[in-house]
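Participant: What follows is a structure written as structure tokens; I'll ask about it next.
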Amino acid sequence: MKTVTLSIPPNVGLTDEQFYQICLANDEWRIELTAEGELILMPPTGGESGIRNSGLTAKIYNWNEQAKLGKVFDSSTEFHLPNGAYRSPDVAWMKLERWEALTAEQKRRFPPLCPDFVIELRSESDSLTKLRSKMQEYRDNGARLGWLIDPKTFLVEIYRPGVEVEIINFSVDNPPQLSGEDVLPGFILDLSIILNP
């Protein structure tokens with residue numbers, strides 16, 4: 001299975017409710033909607049990507065259990081970004097006060113905000129160009145820190161507001177450690193956890 005992109009004509013559009021119902025009716029797909037009106041249907045990930053994603057989510061979750069600074073979300077969580085797009089990062093985190101400011105209905109559906117921190121992990125079916133565009137979109141919509149991790153080419157890109165993307169090329173023998181900086185204070189990710197699923 002591969003990713004499929006469908007164009008929704010501007011005169012047709014989709015309401016928030018219609019998009020929500022499409023997602024519910026097609027739960028075997030991860031579905032995103034771009035700000036430009038493209039409906040993106042993504043197949044489930046394979047075993048190795050699933051192991052890597054769960055490892056990353058667990059690391060952030062364990063840190064947050066100690067820090068108690070926010071909420072952690074897995075790859076099945078859809079966020080309604082300020083630019084109108086609906087996106088599902090592989091891992092996301094947001095400050096507790098931002099989560100608590102949402103209504104019960106907003107928490108139950110697709111939270112209408114951009115997470116403070118996101119990770120996109122490139123899987124076999126992902127285009128690096130499209131993932132880079134997605135990371136820029138998170139940054140443009142308020143993400144304070146983002147990591148694009150590509151275990152295929154041993155590449156990490158770090159996205160921060162107002163500065164150039166930091167690019168780290170590494171070897172399997174010498175993976176970097178990534179800092180959560182002031183967004184996830186005290187969090188360090190050793191990338192060796194994702195190299196051998």
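Lettering and numbering for the structure tokens are positional, with chains as A, B, ... in the shown order, residues counted from 1 in each chain, and ligands counted from 1 in the shown order.
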So that I can see what lies close to Ser49 of chain A, please list as a PDB file with C-alpha atoms, in the first residue's frame the residues with an atom at most 10 Å from it, counting only C-alpha atoms and leaving out residues fewer than 6 positions away in the same chain.
Facilitator:
ATOM      1  CA  GLY A  55       9.929   3.607  21.245  1.00  0.00           C
ATOM      2  CA  LEU A 121       9.942   9.548  11.671  1.00  0.00           C
ATOM      3  CA  ARG A 122      10.440   8.647   8.031  1.00  0.00           C
ATOM      4  CA  SER A 123       8.960   5.253   7.165  1.00  0.00           C
ATOM      5  CA  GLU A 124       9.347   3.212   3.989  1.00  0.00           C
ATOM      6  CA  PRO A 151      16.750   6.173   9.792  1.00  0.00           C
ATOM      7  CA  ILE A 194      15.549   3.647  16.560  1.00  0.00           C
ATOM      8  CA  PRO A 197      14.149  -2.147  15.834  1.00  0.00           C
TER       9      PRO A 197
END
Participant: Quick one: DSSP alpha helix (DSSP H) residues in segment 129-186 of chain A, as a VMD selection string?
Facilitator: chain A and resid 129 to 140
Participant: Please, which residues of segment 110-179 of chain A, numbered as in this document, come out strand (DSSP E or B) from DSSP, as a VMD selection string?
Facilitator: chain A and resid 117 to 121 145 to 150 155 to 159 166 to 169 171 174 177 to 179
Participant: Quick one: residues within 8 Å of segment 97-114 of chain A, only C-alpha atoms counted, chain neighbours fewer than 4 positions away excluded, as an NGL selection string?
Facilitator: :A and (20 or 70-71 or 77-82 or 138 or 141-143)
Participant: Calculated over only C-alpha atoms, which of the candidates A:Leu131, A:Leu195, A:Leu69, A:Ile8 has the smallest distance to Asp173 of chain A?
Facilitator: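 Using only C-alpha atoms, Asp173 of chain A sits closest to A:Leu195.
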Participant: Quick one: of A:Asn174, A:Thr3, A:Thr34, A:Asn83, who's nearest to Arg139 of chain A, counting only C-alpha atoms?
Facilitator: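 Comparing A:Asn174, A:Thr3, A:Thr34, A:Asn83 against Arg139 of chain A, the winner is A:Asn83.
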Participant: Which residue gives the smallest distance to Tyr86 of chain A among A:Asp126, A:Asp74, A:Glu181, A:Glu38, with only C-alpha atoms counted?
Facilitator: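 Once distances to Tyr86 of chain A are computed over only C-alpha atoms, the minimum belongs to A:Glu38.
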Participant: Nearest to Leu56 of chain A among A:Ser75, A:Gln136, A:Ser7, A:Asn26, with distances taken over only C-alpha atoms: which residue is it?
Facilitator: A:Ser75
Participant: Looking at A:Thr45, A:Ser171, A:Leu148, A:Val183, which one is nearest to Pro115 of chain A, with distances taken over only C-alpha atoms?
Facilitator: A:Val183
